[in-house]
Structures are given as C-alpha cells and as structure tokens.
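Working notes for the structure below.
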Amino acid sequence: MIDQATSNLVVSVVVNNAGGGELPMMPYWQWSLEAEQYTRDLNGTATYRITRLFLPKMILRKQGYILNVGSLASMTNIYLAPYGMEKAKINAFTKFLDAELDGTGVTVQCHLFGAIFTEGFSKTFGASG
C-alpha cells in the first residue's frame, strides 16, 4: 500500500528523523518487552523501511541524499539501553550503506545530536529546555 502511494513521487532528499518516544528511565532488564519493541520500531525499523522505500529510485536517478538522525545516546547512556542500541545501529547502518552506495550518486550521512528538549523529553526526564 505504501509502495503504491509513493510510486509516482520523485524524492531527492530523505530525512529519517523518527526517534524518542516515552522512554522508561530504568535498567534494561526492567523494560517491558512492549516498551523495548516500540523503541526498536520507532528508533530503528522506521529508518530502515523508509530508506528501503526511496533508495532504489535514487540509485536509478544517480542522485539523492539521505540524512539519518542519530543520537549521542548511541555512545553512552544509562537507563536507556534499547534507545541507545537502536541509535548505534542507525550509525552503523549509515556507515555500511554509505560504503555500498559509493559511485551511485547517492549520499547518506548520520548526524548525532544531543538532547533536544521536546514534550517527549520532558515526559522522560521530567525537565524542559
């Protein structure tokens, strides 16, 4: 269904900026399986699927740019292991994909940001910017 809805689109730039969610601030072993899966789907799987959706046409056109939004939480964090793991996977995915895309005219980069003060951040950390 999504393939049909996007089949006529000409997309030159993709920004994979999904992330966050209401994250439980607790050790990994205390996360519910549902919270862990939601975190994986939102912070990882969505990026892979969106990339897969638009990348083939970019390669055919020999032009495109994909920006994956990562997080400094992929380097180290406490009580957010599933989130950090997904963001680390996004960083690795970007490096591998960039190497595979060499010579295709498509560029992929990952930018690692620190905390962004949003409503979700406030719910997770009880603070605001």
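Lettering and numbering for the structure tokens are positional, with chains as A, B, ... in the shown order, residues counted from 1 in each chain, and ligands counted from 1 in the shown order.
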Within 7 Å of segment 58-62 of chain A using only C-alpha atoms, minus same-chain residues under 2 positions, as JSON, numbers by chain: {"A": [12, 54, 55, 56, 64, 104, 105, 106]}
Among the residues A:Val108, A:Met26, A:Leu101, A:Ala73, the one that comes closest to Val13 of chain A [using only C-alpha atoms]: A:Val108
Surrounding residues of Leu9 of chain A excluding itself and chain neighbours under 5 positions, 12 Å, only C-alpha atoms, as a PyMOL selection string: chain A and resi 2-4+53-54+57-58
Quick one: which segment 5-52 of chain A residues come within 7 Å of segment 77-93 of chain A, and what is the nearest atom pair for each with the distance in Å to one decimal, counting only C-alpha atoms, rows ordered by chain and ascending number, as a tab-separated table?
residue	atom	partner	partner_atom	distance
A:Met25	CA	A:Tyr79	CA	5.2
A:Met26	CA	A:Tyr79	CA	4.6
A:Pro27	CA	A:Tyr79	CA	4.7
A:Tyr28	CA	A:Ala81	CA	5.9
A:Glu36	CA	A:Pro82	CA	6.2
A:Thr39	CA	A:Tyr83	CA	6.1
A:Arg40	CA	A:Glu86	CA	6.1
A:Asn43	CA	A:Glu86	CA	5.9
A:Gly44	CA	A:Glu86	CA	5.3
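All residues in chain A with a DSSP state of strand (DSSP E), computed from the backbone, read Val13, Val14, Val15, Asn16, Gly64, Tyr65, Ile66, Leu67, Asn68, Val69, Gly70, Ser71, Val106, Thr107, Val108, Gln109, Cys110, His111, Leu112 and Phe113 of chain A.
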Sel. of helix (DSSP H, G or I) residues, chain A, as a ChimeraX atom specification: /A:2-6,28-30,33-61,72-74,81-100,119-125
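From atom CA of Asn17 of chain A back to atom CA of Leu112 of chain A, the distance works out to 11.1 Å.
Distance check against Asn68 of chain A using only C-alpha atoms: of A:Asn16, A:Thr45, A:Thr51, A:Ser32, the minimum falls on A:Asn16.
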Atom-to-atom span, atom CA of Phe113 of chain A and atom CA of Ser74 of chain A, Å: 9.9 Å
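Minimum distance to Thr47 of chain A across A:Ala99, A:Trp31, A:Ile66, A:Thr76 (counting only C-alpha atoms) occurs at A:Ile66.
Distances here use only C-alpha atoms; by that measure, the residue among A:Leu67, A:Leu42, A:Met75, A:Ile50 closest to Thr94 of chain A is A:Leu67.
If you look at atom CA of Gly20 of chain A and atom CA of Thr107 of chain A, they are 24.8 Å away from each other.
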